$ cat input.csv   # CSV, C-alpha atoms
chain,number,residue,atom,x,y,z
A,1,MET,CA,-16.4,53.2,28.9
A,2,VAL,CA,-13.3,54.9,27.5
A,3,LYS,CA,-11.6,57.6,29.4
A,4,LYS,CA,-8.3,59.4,29.1
A,5,MET,CA,-5.6,58.6,31.6
A,6,THR,CA,-2.4,60.7,31.0
A,7,ASP,CA,-1.0,59.2,27.7
A,8,GLU,CA,-2.8,55.9,27.8
A,9,LYS,CA,-6.3,55.0,27.0
A,10,MET,CA,-8.4,52.8,29.3
A,11,LEU,CA,-10.8,50.2,28.2
A,12,ASP,CA,-13.0,48.5,30.8
A,13,LEU,CA,-14.1,45.1,29.4
A,14,LYS,CA,-15.3,43.7,32.7
A,15,GLY,CA,-18.5,41.6,32.4
A,16,LEU,CA,-18.0,41.3,28.6
A,17,PHE,CA,-17.1,38.2,26.7
A,18,CYS,CA,-15.3,37.1,23.5
A,19,PRO,CA,-15.8,38.1,20.7
A,20,HIS,CA,-17.1,41.4,22.0
A,21,THR,CA,-13.9,42.0,24.0
A,22,ASN,CA,-11.7,41.3,21.0
A,23,LEU,CA,-13.7,43.6,18.7
A,24,LEU,CA,-13.6,46.5,21.2
A,25,THR,CA,-9.9,46.0,21.7
A,26,ILE,CA,-9.2,46.1,18.0
A,27,ARG,CA,-11.4,49.1,17.5
A,28,GLU,CA,-9.7,51.0,20.3
A,29,LEU,CA,-6.2,50.1,19.0
A,30,GLU,CA,-7.2,51.5,15.6
A,31,LYS,CA,-8.0,54.8,17.1
A,32,ILE,CA,-4.6,55.4,18.9
A,33,GLN,CA,-1.2,56.1,17.3
A,34,VAL,CA,1.7,53.6,16.9
A,35,GLY,CA,3.7,53.6,20.2
A,36,SER,CA,0.7,54.8,22.3
A,37,LYS,CA,-0.6,52.6,25.1
A,38,LEU,CA,-4.0,51.0,25.8
A,39,ARG,CA,-4.9,49.7,29.2
A,40,ILE,CA,-7.5,46.9,29.2
A,41,GLU,CA,-9.4,45.2,32.1
A,42,VAL,CA,-10.9,41.8,31.6
A,43,ASP,CA,-12.5,39.6,34.3
A,44,ASN,CA,-12.7,36.1,32.7
A,45,ALA,CA,-10.3,33.6,31.2
A,46,ASP,CA,-12.0,33.3,27.9
A,47,SER,CA,-11.9,37.0,27.1
A,48,LEU,CA,-8.3,37.1,28.4
A,49,LYS,CA,-7.3,34.3,26.0
A,50,GLY,CA,-9.1,36.0,23.1
A,51,VAL,CA,-7.6,39.4,23.7
A,52,ILE,CA,-4.0,38.2,24.1
A,53,GLN,CA,-4.3,36.0,21.0
A,54,THR,CA,-5.7,38.9,18.9
A,55,VAL,CA,-3.2,41.4,20.2
A,56,LYS,CA,-0.2,39.1,19.6
A,57,ASN,CA,-1.4,38.1,16.1
A,58,LYS,CA,-1.9,41.7,15.1
A,59,GLY,CA,1.7,42.6,16.0
A,60,HIS,CA,1.1,44.7,19.1
A,61,ILE,CA,3.3,44.5,22.2
A,62,ILE,CA,2.0,43.5,25.6
A,63,ILE,CA,4.0,45.5,28.1
A,64,ASP,CA,2.5,44.4,31.4
A,65,VAL,CA,-0.1,42.1,32.8
A,66,LYS,CA,-1.3,42.3,36.4
A,67,GLU,CA,-4.0,40.2,38.2
A,68,LYS,CA,-6.0,41.3,41.2
A,69,ASP,CA,-9.1,39.5,42.4
A,70,GLN,CA,-9.6,37.7,39.1
A,71,VAL,CA,-9.4,40.9,37.1
A,72,PHE,CA,-6.6,41.1,34.6
A,73,THR,CA,-5.2,44.5,33.7
A,74,ILE,CA,-3.3,44.3,30.4
A,75,ILE,CA,-1.2,47.2,29.0
A,76,ILE,CA,-0.7,47.1,25.3
A,77,GLN,CA,1.5,49.2,23.1
A,78,LYS,CA,0.3,49.7,19.6
A,79,GLY,CA,2.9,48.0,17.4
A,80,ARG,CA,1.9,48.9,13.9
B,1,MET,CA,-15.3,-21.3,-10.9
B,2,GLU,CA,-12.1,-19.7,-12.0
B,3,GLU,CA,-10.8,-17.0,-9.6
B,4,ALA,CA,-9.8,-13.7,-11.3
B,5,ASN,CA,-6.8,-11.9,-9.9
B,6,SER,CA,-6.8,-8.3,-10.8
B,7,LEU,CA,-9.8,-6.0,-10.4
B,8,SER,CA,-10.1,-5.4,-14.1
B,9,GLU,CA,-10.4,-9.2,-14.6
B,10,ILE,CA,-13.1,-9.4,-11.9
B,11,LEU,CA,-15.0,-6.5,-13.4
B,12,SER,CA,-15.0,-8.2,-16.9
B,13,LYS,CA,-16.8,-11.2,-15.4
B,14,ASP,CA,-20.6,-11.8,-15.2
B,15,LEU,CA,-22.1,-10.4,-12.0
B,16,ASN,CA,-23.8,-13.7,-11.2
B,17,LYS,CA,-20.6,-15.6,-11.5
B,18,LEU,CA,-18.6,-13.6,-8.9
B,19,SER,CA,-17.2,-15.6,-5.9
B,20,LYS,CA,-17.2,-14.4,-2.3
B,21,ALA,CA,-13.5,-13.8,-2.5
B,22,GLU,CA,-13.9,-11.7,-5.6
B,23,LEU,CA,-16.6,-9.6,-4.0
B,24,THR,CA,-14.3,-9.1,-1.0
B,25,GLU,CA,-11.5,-8.0,-3.4
B,26,MET,CA,-14.0,-5.5,-5.0
B,27,ARG,CA,-14.9,-4.2,-1.5
B,28,ARG,CA,-11.2,-3.7,-0.7
B,29,ASN,CA,-11.0,-1.6,-3.9
B,30,GLY,CA,-14.0,0.4,-2.7
B,31,LEU,CA,-16.7,-1.1,-4.8
B,32,ILE,CA,-19.4,-2.2,-2.3
B,33,GLN,CA,-22.4,-4.2,-3.3
B,34,GLN,CA,-25.7,-2.7,-2.3
B,35,ARG,CA,-28.8,-4.4,-0.9
B,36,ASP,CA,-30.0,-4.5,-4.5
B,37,PRO,CA,-27.1,-6.7,-5.8
B,38,LYS,CA,-27.1,-5.1,-9.2
B,39,PHE,CA,-25.9,-1.8,-7.8
B,40,PHE,CA,-22.7,-0.8,-6.2
B,41,ILE,CA,-21.4,2.1,-4.0
B,42,CYS,CA,-18.1,3.6,-5.1
B,43,ARG,CA,-16.1,4.6,-2.0
B,44,LEU,CA,-13.3,7.1,-2.7
B,45,SER,CA,-10.0,7.2,-1.0
B,46,ILE,CA,-9.6,10.8,0.2
B,47,PRO,CA,-6.7,10.9,2.8
B,48,ALA,CA,-7.3,13.6,5.5
B,49,GLY,CA,-10.6,14.4,3.7
B,50,VAL,CA,-9.1,17.1,1.4
B,51,ILE,CA,-9.5,17.4,-2.3
B,52,THR,CA,-9.6,20.4,-4.7
B,53,ALA,CA,-12.8,22.0,-5.7
B,54,GLU,CA,-12.1,20.9,-9.3
B,55,GLN,CA,-11.9,17.2,-8.2
B,56,LEU,CA,-15.1,17.6,-6.3
B,57,GLU,CA,-16.9,19.0,-9.4
B,58,ILE,CA,-15.8,16.0,-11.4
B,59,ILE,CA,-17.0,13.6,-8.6
B,60,CYS,CA,-20.4,15.4,-8.8
B,61,LYS,CA,-20.5,15.0,-12.6
B,62,LEU,CA,-19.7,11.3,-12.3
B,63,ALA,CA,-22.3,10.8,-9.6
B,64,ASN,CA,-24.9,12.3,-12.0
B,65,GLU,CA,-23.7,10.3,-15.0
B,66,TYR,CA,-23.1,6.9,-13.4
B,67,GLY,CA,-24.8,6.9,-10.0
B,68,ASN,CA,-28.3,7.9,-8.8
B,69,GLY,CA,-27.4,11.6,-8.5
B,70,GLN,CA,-26.5,11.4,-4.8
B,71,VAL,CA,-23.2,11.8,-3.1
B,72,HIS,CA,-22.7,10.4,0.4
B,73,LEU,CA,-20.2,12.0,2.8
B,74,SER,CA,-18.9,9.1,4.8
B,75,THR,CA,-18.0,9.1,8.5
B,76,ARG,CA,-14.3,8.7,7.6
B,77,GLN,CA,-14.0,11.9,5.7
B,78,GLY,CA,-14.5,10.1,2.4
B,79,ILE,CA,-17.0,10.5,-0.4
B,80,GLN,CA,-19.2,7.6,-1.7
B,81,ILE,CA,-21.2,7.5,-5.0
B,82,PRO,CA,-24.2,5.2,-4.5
B,83,GLY,CA,-26.3,3.5,-7.1
B,84,VAL,CA,-23.7,2.6,-9.8
B,85,PRO,CA,-24.8,-0.4,-11.9
B,86,TYR,CA,-22.3,-3.3,-12.1
B,87,GLU,CA,-21.6,-3.0,-15.8
B,88,ARG,CA,-20.5,0.6,-15.5
B,89,LEU,CA,-18.1,0.1,-12.6
B,90,SER,CA,-14.9,-0.4,-14.6
B,91,GLU,CA,-15.6,2.9,-16.5
B,92,ILE,CA,-16.3,5.1,-13.5
B,93,GLN,CA,-13.4,3.5,-11.7
B,94,GLU,CA,-11.0,4.5,-14.4
B,95,LYS,CA,-12.4,8.0,-14.5
B,96,LEU,CA,-12.1,8.4,-10.7
B,97,LYS,CA,-8.5,7.2,-10.8
B,98,GLU,CA,-7.7,9.8,-13.5
B,99,ASN,CA,-9.3,12.4,-11.2
B,100,GLY,CA,-6.8,11.5,-8.4
B,101,THR,CA,-9.6,10.2,-6.2
B,102,PRO,CA,-9.4,6.4,-6.8
B,103,THR,CA,-11.9,4.1,-5.3
B,104,TRP,CA,-10.5,2.3,-2.3
B,105,GLY,CA,-11.0,1.1,1.2
B,106,CYS,CA,-13.7,-1.2,2.5
B,107,GLY,CA,-13.5,-4.8,3.8
B,108,PRO,CA,-10.2,-6.0,5.4
B,109,THR,CA,-7.9,-3.2,4.6
B,110,ILE,CA,-6.3,0.0,6.0
B,111,ARG,CA,-9.2,2.4,5.8
B,112,ASN,CA,-9.1,6.1,4.7
B,113,ILE,CA,-6.7,7.9,7.1
B,114,ILE,CA,-8.5,10.7,8.8
B,115,ALA,CA,-7.2,13.9,10.3
B,116,CYS,CA,-8.3,17.2,11.8
B,117,PRO,CA,-7.4,20.4,9.8
B,118,GLY,CA,-4.1,20.8,11.7
B,119,TYR,CA,-1.4,23.4,11.1
B,120,PRO,CA,-1.6,26.0,9.6
B,121,GLU,CA,-5.4,26.4,9.5
B,122,CYS,CA,-6.1,25.5,13.2
B,123,LYS,CA,-4.8,27.8,15.9
B,124,TYR,CA,-4.5,25.0,18.4
B,125,ALA,CA,-2.6,22.5,16.1
B,126,ASN,CA,0.9,21.5,17.0
B,127,ILE,CA,1.6,19.6,13.7
B,128,SER,CA,0.7,19.6,10.1
B,129,THR,CA,-1.7,16.6,10.2
B,130,ARG,CA,-2.2,16.5,6.4
B,131,LYS,CA,1.5,16.2,5.7
B,132,LEU,CA,1.8,13.3,8.1
B,133,VAL,CA,-1.3,11.7,6.6
B,134,TYR,CA,0.2,11.9,3.1
B,135,ARG,CA,3.5,10.5,4.3
B,136,ILE,CA,1.8,7.6,6.0
B,137,LYS,CA,-0.4,6.9,3.0
B,138,ASP,CA,2.7,7.0,0.8
B,139,PHE,CA,4.5,4.6,3.1
B,140,ILE,CA,1.6,2.2,3.3
B,141,ASP,CA,1.2,2.2,-0.5
B,142,LYS,CA,5.0,1.7,-1.2
B,143,ARG,CA,5.3,-1.2,1.2
B,144,LYS,CA,1.9,-2.7,0.3
B,145,LEU,CA,0.9,-2.9,3.9
B,146,GLY,CA,-2.4,-4.3,4.9
B,147,TYR,CA,-3.1,-6.5,1.8
B,148,ASN,CA,-3.5,-9.6,4.0
B,149,LEU,CA,-5.5,-8.2,6.8
B,150,LYS,CA,-8.3,-10.2,8.4
B,151,GLY,CA,-10.2,-7.3,9.7
B,152,LYS,CA,-10.3,-3.5,9.1
B,153,PHE,CA,-7.6,-1.2,10.4
B,154,LYS,CA,-8.1,2.5,11.0
B,155,ILE,CA,-5.6,5.3,11.5
B,156,ALA,CA,-6.4,8.8,12.7
B,157,ILE,CA,-4.3,11.9,13.3
B,158,ALA,CA,-5.1,14.9,15.5
B,159,GLY,CA,-3.0,18.1,15.7
B,160,CYS,CA,-3.4,18.6,19.5
B,161,PRO,CA,-4.8,16.7,22.5
B,162,ASN,CA,-8.3,18.1,21.8
B,163,SER,CA,-8.5,15.1,19.5
B,164,CYS,CA,-11.0,16.4,17.0
B,165,ALA,CA,-10.1,13.5,14.7
B,166,ASN,CA,-11.4,10.9,17.3
B,167,VAL,CA,-8.0,9.3,17.6
B,168,TYR,CA,-9.0,7.3,20.7
B,169,SER,CA,-11.5,5.2,18.7
B,170,ASN,CA,-9.1,4.2,16.0
B,171,ASP,CA,-6.7,1.2,15.8
B,172,ILE,CA,-3.8,3.7,15.7
B,173,GLY,CA,-4.2,7.2,16.9
B,174,ILE,CA,-1.6,9.9,16.7
B,175,ILE,CA,-1.7,13.3,18.5
B,176,GLY,CA,0.8,16.2,18.0
B,177,VAL,CA,2.1,17.4,21.3
B,178,VAL,CA,4.6,19.9,22.6
B,179,LYS,CA,6.1,20.0,26.1
B,180,PRO,CA,6.4,23.5,27.6
B,181,ARG,CA,9.3,24.9,29.5
B,182,VAL,CA,9.2,28.1,31.5
B,183,LYS,CA,12.0,30.6,30.8
B,184,GLU,CA,12.5,31.7,34.4
B,185,GLU,CA,14.6,34.7,33.4
B,186,ILE,CA,11.7,36.2,31.5
B,187,CYS,CA,8.6,35.0,33.4
B,188,ASN,CA,7.2,37.7,35.7
B,189,GLY,CA,4.4,35.7,37.2
B,190,CYS,CA,1.6,37.5,35.5
B,191,LYS,CA,-0.8,34.5,35.9
B,192,VAL,CA,-2.2,34.6,32.3
B,193,CYS,CA,-1.0,31.0,31.8
B,194,VAL,CA,-2.7,30.0,35.2
B,195,ALA,CA,-6.0,31.4,33.9
B,196,ILE,CA,-5.9,29.9,30.4
B,197,CYS,CA,-4.6,26.4,31.2
B,198,LYS,CA,-7.5,24.0,30.7
B,199,GLU,CA,-5.9,21.4,32.9
B,200,LYS,CA,-5.1,23.7,35.8
B,201,ALA,CA,-1.6,22.5,35.5
B,202,ILE,CA,0.2,25.8,36.2
B,203,ASN,CA,0.8,27.5,39.5
B,204,ILE,CA,2.8,30.6,40.4
B,205,VAL,CA,5.6,29.9,42.9
B,206,ASP,CA,7.8,32.8,43.9
B,207,GLU,CA,6.5,34.9,41.0
B,208,LYS,CA,7.4,32.3,38.5
B,209,ALA,CA,5.1,29.8,36.6
B,210,VAL,CA,5.6,26.2,37.6
B,211,ILE,CA,4.1,23.5,35.4
B,212,ASP,CA,2.8,20.3,37.0
B,213,PHE,CA,3.6,17.6,34.4
B,214,GLU,CA,1.3,15.1,36.2
B,215,LYS,CA,-1.6,17.3,34.9
B,216,CYS,CA,-0.1,18.8,31.7
B,217,VAL,CA,-1.3,17.2,28.5
B,218,CYS,CA,1.2,19.1,26.3
B,219,CYS,CA,-1.3,21.0,24.2
B,220,GLY,CA,0.9,24.0,23.8
B,221,ASP,CA,-1.7,26.7,24.7
B,222,CYS,CA,0.5,28.3,27.3
B,223,ILE,CA,3.4,28.6,24.8
B,224,ARG,CA,1.2,30.4,22.3
B,225,LEU,CA,-0.6,32.6,24.8
B,226,CYS,CA,2.2,33.8,27.1
B,227,PRO,CA,2.2,37.6,26.6
B,228,PHE,CA,5.9,37.8,27.1
B,229,ASP,CA,6.9,34.5,25.3
B,230,ALA,CA,8.3,33.2,28.6
B,231,ILE,CA,7.2,29.7,27.8
B,232,GLU,CA,9.1,27.8,25.1
B,233,PRO,CA,8.7,24.3,23.6
B,234,GLU,CA,11.1,21.9,25.3
B,235,LYS,CA,10.4,19.1,22.9
B,236,GLU,CA,7.8,18.4,20.2
B,237,GLY,CA,6.6,15.0,19.0
B,238,LEU,CA,3.7,12.6,18.5
B,239,THR,CA,1.8,10.6,21.1
B,240,ILE,CA,0.8,7.2,19.7
B,241,PHE,CA,-2.2,5.2,20.8
B,242,LEU,CA,-3.1,1.6,19.9
B,243,GLY,CA,-6.2,-0.5,19.8
B,244,GLY,CA,-9.2,1.8,20.0
B,245,LYS,CA,-12.5,1.0,18.3
B,246,GLN,CA,-16.2,1.9,18.1
B,247,GLY,CA,-18.8,-0.5,16.8
B,248,ARG,CA,-20.8,-2.8,19.0
B,249,HIS,CA,-18.4,-2.8,21.8
B,250,PRO,CA,-16.5,0.5,21.9
B,251,SER,CA,-13.2,0.8,23.7
B,252,LEU,CA,-10.6,3.5,23.8
B,253,ALA,CA,-7.1,3.3,22.5
B,254,LYS,CA,-4.1,3.0,25.0
B,255,LYS,CA,-1.0,5.1,24.9
B,256,VAL,CA,2.0,3.3,23.6
B,257,MET,CA,4.6,6.0,23.1
B,258,GLU,CA,5.1,9.7,23.9
B,259,PHE,CA,7.1,12.3,21.9
B,260,ALA,CA,7.8,9.9,19.0
B,261,ASP,CA,9.1,11.2,15.7
B,262,GLU,CA,7.5,10.5,12.3
B,263,GLU,CA,10.0,7.7,11.6
B,264,MET,CA,8.9,6.0,14.8
B,265,VAL,CA,5.2,6.4,13.9
B,266,LEU,CA,5.9,4.7,10.5
B,267,SER,CA,7.7,1.8,12.1
B,268,ILE,CA,5.0,1.4,14.7
B,269,ILE,CA,2.3,1.4,12.0
B,270,GLU,CA,4.3,-1.2,10.0
B,271,GLY,CA,4.8,-3.4,13.1
B,272,ALA,CA,1.2,-3.2,14.2
B,273,VAL,CA,-0.2,-4.0,10.8
B,274,LYS,CA,2.2,-6.9,10.4
B,275,ILE,CA,1.2,-8.3,13.8
B,276,PHE,CA,-2.5,-7.9,13.0
B,277,GLU,CA,-2.0,-9.7,9.6
B,278,LYS,CA,-0.2,-12.5,11.4
B,279,GLU,CA,-2.0,-13.0,14.6
B,280,GLY,CA,-5.5,-11.6,13.9
B,281,LEU,CA,-8.4,-14.1,13.9
B,282,ALA,CA,-11.3,-14.3,11.5
B,283,ASP,CA,-13.8,-17.1,10.8
B,284,GLY,CA,-15.8,-15.5,8.0
B,285,VAL,CA,-18.4,-14.0,10.3
B,286,ARG,CA,-16.4,-12.7,13.3
B,287,LYS,CA,-13.4,-10.5,12.6
B,288,GLU,CA,-11.1,-9.6,15.5
B,289,ARG,CA,-10.2,-6.0,15.7
B,290,PHE,CA,-6.7,-4.9,16.7
B,291,GLY,CA,-7.9,-3.8,20.2
B,292,ALA,CA,-9.3,-7.3,20.8
B,293,LEU,CA,-6.0,-8.8,19.7
B,294,ILE,CA,-4.2,-6.6,22.2
B,295,GLU,CA,-6.5,-7.8,24.9
B,296,ARG,CA,-6.0,-11.4,23.9
B,297,LEU,CA,-2.2,-11.3,23.7
B,298,GLY,CA,-1.6,-8.6,26.4
B,299,PHE,CA,-0.4,-5.0,25.8
B,300,ASP,CA,3.2,-5.7,26.8
B,301,GLU,CA,3.4,-8.7,24.5
B,302,ILE,CA,2.1,-6.5,21.6
B,303,LYS,CA,4.6,-3.8,22.4
B,304,SER,CA,7.5,-6.2,22.4
B,305,LEU,CA,6.3,-7.7,19.2
B,306,ILE,CA,6.2,-4.3,17.6
B,307,TYR,CA,9.6,-3.4,18.8
B,308,GLY,CA,10.8,-6.8,17.7
B,309,GLU,CA,9.5,-6.1,14.2
B,310,GLU,CA,11.7,-3.0,14.2
B,311,ASP,CA,14.8,-4.9,15.2
B,312,ASP,CA,14.3,-7.2,12.3
B,313,ARG,CA,14.7,-4.4,9.8
$ encode --input "input.csv" --output "structure tokens"
Amino acid sequence: MVKKMTDEKMLDLKGLFCPHTNLLTIRELEKIQVGSKLRIEVDNADSLKGVIQTVKNKGHIIIDVKEKDQVFTIIIQKGR
Amino acid sequence: MEEANSLSEILSKDLNKLSKAELTEMRRNGLIQQRDPKFFICRLSIPAGVITAEQLEIICKLANEYGNGQVHLSTRQGIQIPGVPYERLSEIQEKLKENGTPTWGCGPTIRNIIACPGYPECKYANISTRKLVYRIKDFIDKRKLGYNLKGKFKIAIAGCPNSCANVYSNDIGIIGVVKPRVKEEICNGCKVCVAICKEKAINIVDEKAVIDFEKCVCCGDCIRLCPFDAIEPEKEGLTIFLGGKQGRHPSLAKKVMEFADEEMVLSIIEGAVKIFEKEGLADGVRKERFGALIERLGFDEIKSLIYGEEDDR
């Protein structure tokens, strides 16, 4: 599920739902260093809401969000 | 039969000599006669349904000591102690008052004000519902509002349009709302708000979010969830609803004002209660609710009466 892409990690959460998506995101962010990036893909609004809420509350930065065919790709920079 | 005035005078009388008016006065003070007339339920006033754990412990002790050992959680976020014998009422009443949870609120009176948890506990809340409840309670007590009502009067407060506190079925319902505004210089059209808006009120036009205010209910979700903080609050306030009820013939409250401030809420409560005191009908069996009064006089007439009350002050 997790593979290396240059300096950013990639987490495919398609087909998964909250709170699974939140927990995997938090766990992945714990593994990387402050300033590093994590790319997440989610495919439903509920997971999107949960991930964004969690990431914002934990003090990380959302650098970019793109949507294509109902799949949201979120790039997060670890804030602290 | 001589009518006693204060509650302590009433409670010093013999149970069999109490008049109907005196029993009503007891009900107003939260002492409700049970089916077995020797026993009473003590209904406690707990605004917003929040007390400390210490207060709760004392209530439990009193329920064991004076009542039948049960504690009833009421539908209006209150607590009731059933099975208290008449002769022990004045004692438990004093102890409950000392505990900061006085008995209050049955019969023709303003009932316990209910609220959802609100800010800061709830992630959806736009307002601190408890603070507003305490302010309204204080206002009602200071002005002695609702002492001459003919029927009951209920107030509920919810922190957002999800309305967890059932504001639409109360005589006055209040909802905390926030109107969003898109900061076009920051918005990059990422579509997160489009996906998370429950009302489907947001569209992307030329890579910018555009909010359809015909659909928007001002819940504030998009403001909190925009990844780039590109949606800001334009204005915050309280939506006020009047005349909802449940019971035998339920009906929903109607919106009377949007984006009101707390002062406006207080004056609308005062106006509505005074109109209800003056115009409400009751014949001993049938008691008109505020919603029925609105239907009888017309919503516009009620509105002008409420605003008229304000002008008088």
$ interface_residues --input "input.csv" --of "chain B" --to "chain A" --cutoff "8 Å" --atoms "all atoms listed in the file" --output "list in words"
Cys190, Lys191, Val192, Ala195, Ile196, Arg224, Leu225, Pro227 and Phe228 of chain B
$ residues_around --input "input.csv" --residues "Arg35 of chain B" --least-positions-apart "4" --cutoff "12 Å" --atoms "all atoms listed in the file" --output "ChimeraX atom specification"
/B:39-41,82-83
$ closest_residue --input "input.csv" --among "A:Gly59, A:Leu13, A:Asp69, A:His20" --to "Val34 of chain A" --atoms "all atoms listed in the file"
A:Gly59
$ closest_atom_pairs --input "input.csv" --of "segment 141-242 of chain B" --to "segment 264-285 of chain B" --cutoff "10 Å" --atoms "only C-alpha atoms" --output "JSON lines"
{"residue": "B:Arg143", "atom": "CA", "partner": "B:Glu270", "partner_atom": "CA", "distance": 8.9}
{"residue": "B:Leu145", "atom": "CA", "partner": "B:Val273", "partner_atom": "CA", "distance": 7.1}
{"residue": "B:Gly146", "atom": "CA", "partner": "B:Val273", "partner_atom": "CA", "distance": 6.3}
{"residue": "B:Tyr147", "atom": "CA", "partner": "B:Glu277", "partner_atom": "CA", "distance": 8.5}
{"residue": "B:Asn148", "atom": "CA", "partner": "B:Glu277", "partner_atom": "CA", "distance": 5.8}
{"residue": "B:Leu149", "atom": "CA", "partner": "B:Glu277", "partner_atom": "CA", "distance": 4.7}
{"residue": "B:Lys150", "atom": "CA", "partner": "B:Ala282", "partner_atom": "CA", "distance": 6.0}
{"residue": "B:Gly151", "atom": "CA", "partner": "B:Ala282", "partner_atom": "CA", "distance": 7.3}
{"residue": "B:Lys152", "atom": "CA", "partner": "B:Phe276", "partner_atom": "CA", "distance": 9.8}
{"residue": "B:Phe153", "atom": "CA", "partner": "B:Val273", "partner_atom": "CA", "distance": 7.9}
{"residue": "B:Ile155", "atom": "CA", "partner": "B:Ile269", "partner_atom": "CA", "distance": 8.8}
{"residue": "B:Asp171", "atom": "CA", "partner": "B:Ala272", "partner_atom": "CA", "distance": 9.2}
{"residue": "B:Ile172", "atom": "CA", "partner": "B:Ile269", "partner_atom": "CA", "distance": 7.5}
{"residue": "B:Gly173", "atom": "CA", "partner": "B:Val265", "partner_atom": "CA", "distance": 9.9}
{"residue": "B:Ile174", "atom": "CA", "partner": "B:Val265", "partner_atom": "CA", "distance": 8.1}
{"residue": "B:Leu238", "atom": "CA", "partner": "B:Val265", "partner_atom": "CA", "distance": 7.9}
{"residue": "B:Thr239", "atom": "CA", "partner": "B:Val265", "partner_atom": "CA", "distance": 9.0}
{"residue": "B:Ile240", "atom": "CA", "partner": "B:Val265", "partner_atom": "CA", "distance": 7.3}
{"residue": "B:Leu242", "atom": "CA", "partner": "B:Ala272", "partner_atom": "CA", "distance": 8.6}
$ atom_distance --input "input.csv" --atom1 "atom CA of Pro37 of chain B" --atom2 "atom CA of Asn68 of chain B"
15.0 Å
$ residues_around --input "input.csv" --residues "Ser74 of chain B" --least-positions-apart "2" --cutoff "12 Å" --atoms "only C-alpha atoms" --output "PyMOL selection string"
chain B and resi 41-46+49+71-72+76-82+105-106+111-112+114
$ residues_around --input "input.csv" --residues "Leu24 of chain A" --least-positions-apart "6" --cutoff "12 Å" --atoms "only C-alpha atoms" --output "JSON, numbers by chain"
{"A": [1, 2, 10, 11, 12, 13, 14, 16, 17, 18, 30, 31, 38, 40, 41, 42, 47, 50, 51, 54, 55]}
$ atom_distance --input "input.csv" --atom1 "atom CA of Lys287 of chain B" --atom2 "atom CA of Arg135 of chain B"
28.2 Å
$ closest_residue --input "input.csv" --among "A:Lys68, A:Thr21, A:Gly79, A:Lys58" --to "Ser36 of chain A" --atoms "only C-alpha atoms"
A:Gly79
$ atom_distance --input "input.csv" --atom1 "atom CA of Asn29 of chain B" --atom2 "atom CA of Asn170 of chain B"
20.8 Å
$ residues_near_point --input "input.csv" --point "(-22.6, -5.5, -10.9)" --cutoff "10 Å" --atoms "all atoms listed in the file" --output "number ranges by chain"
B: 11, 13-16, 18, 31-34, 36-40, 84-90
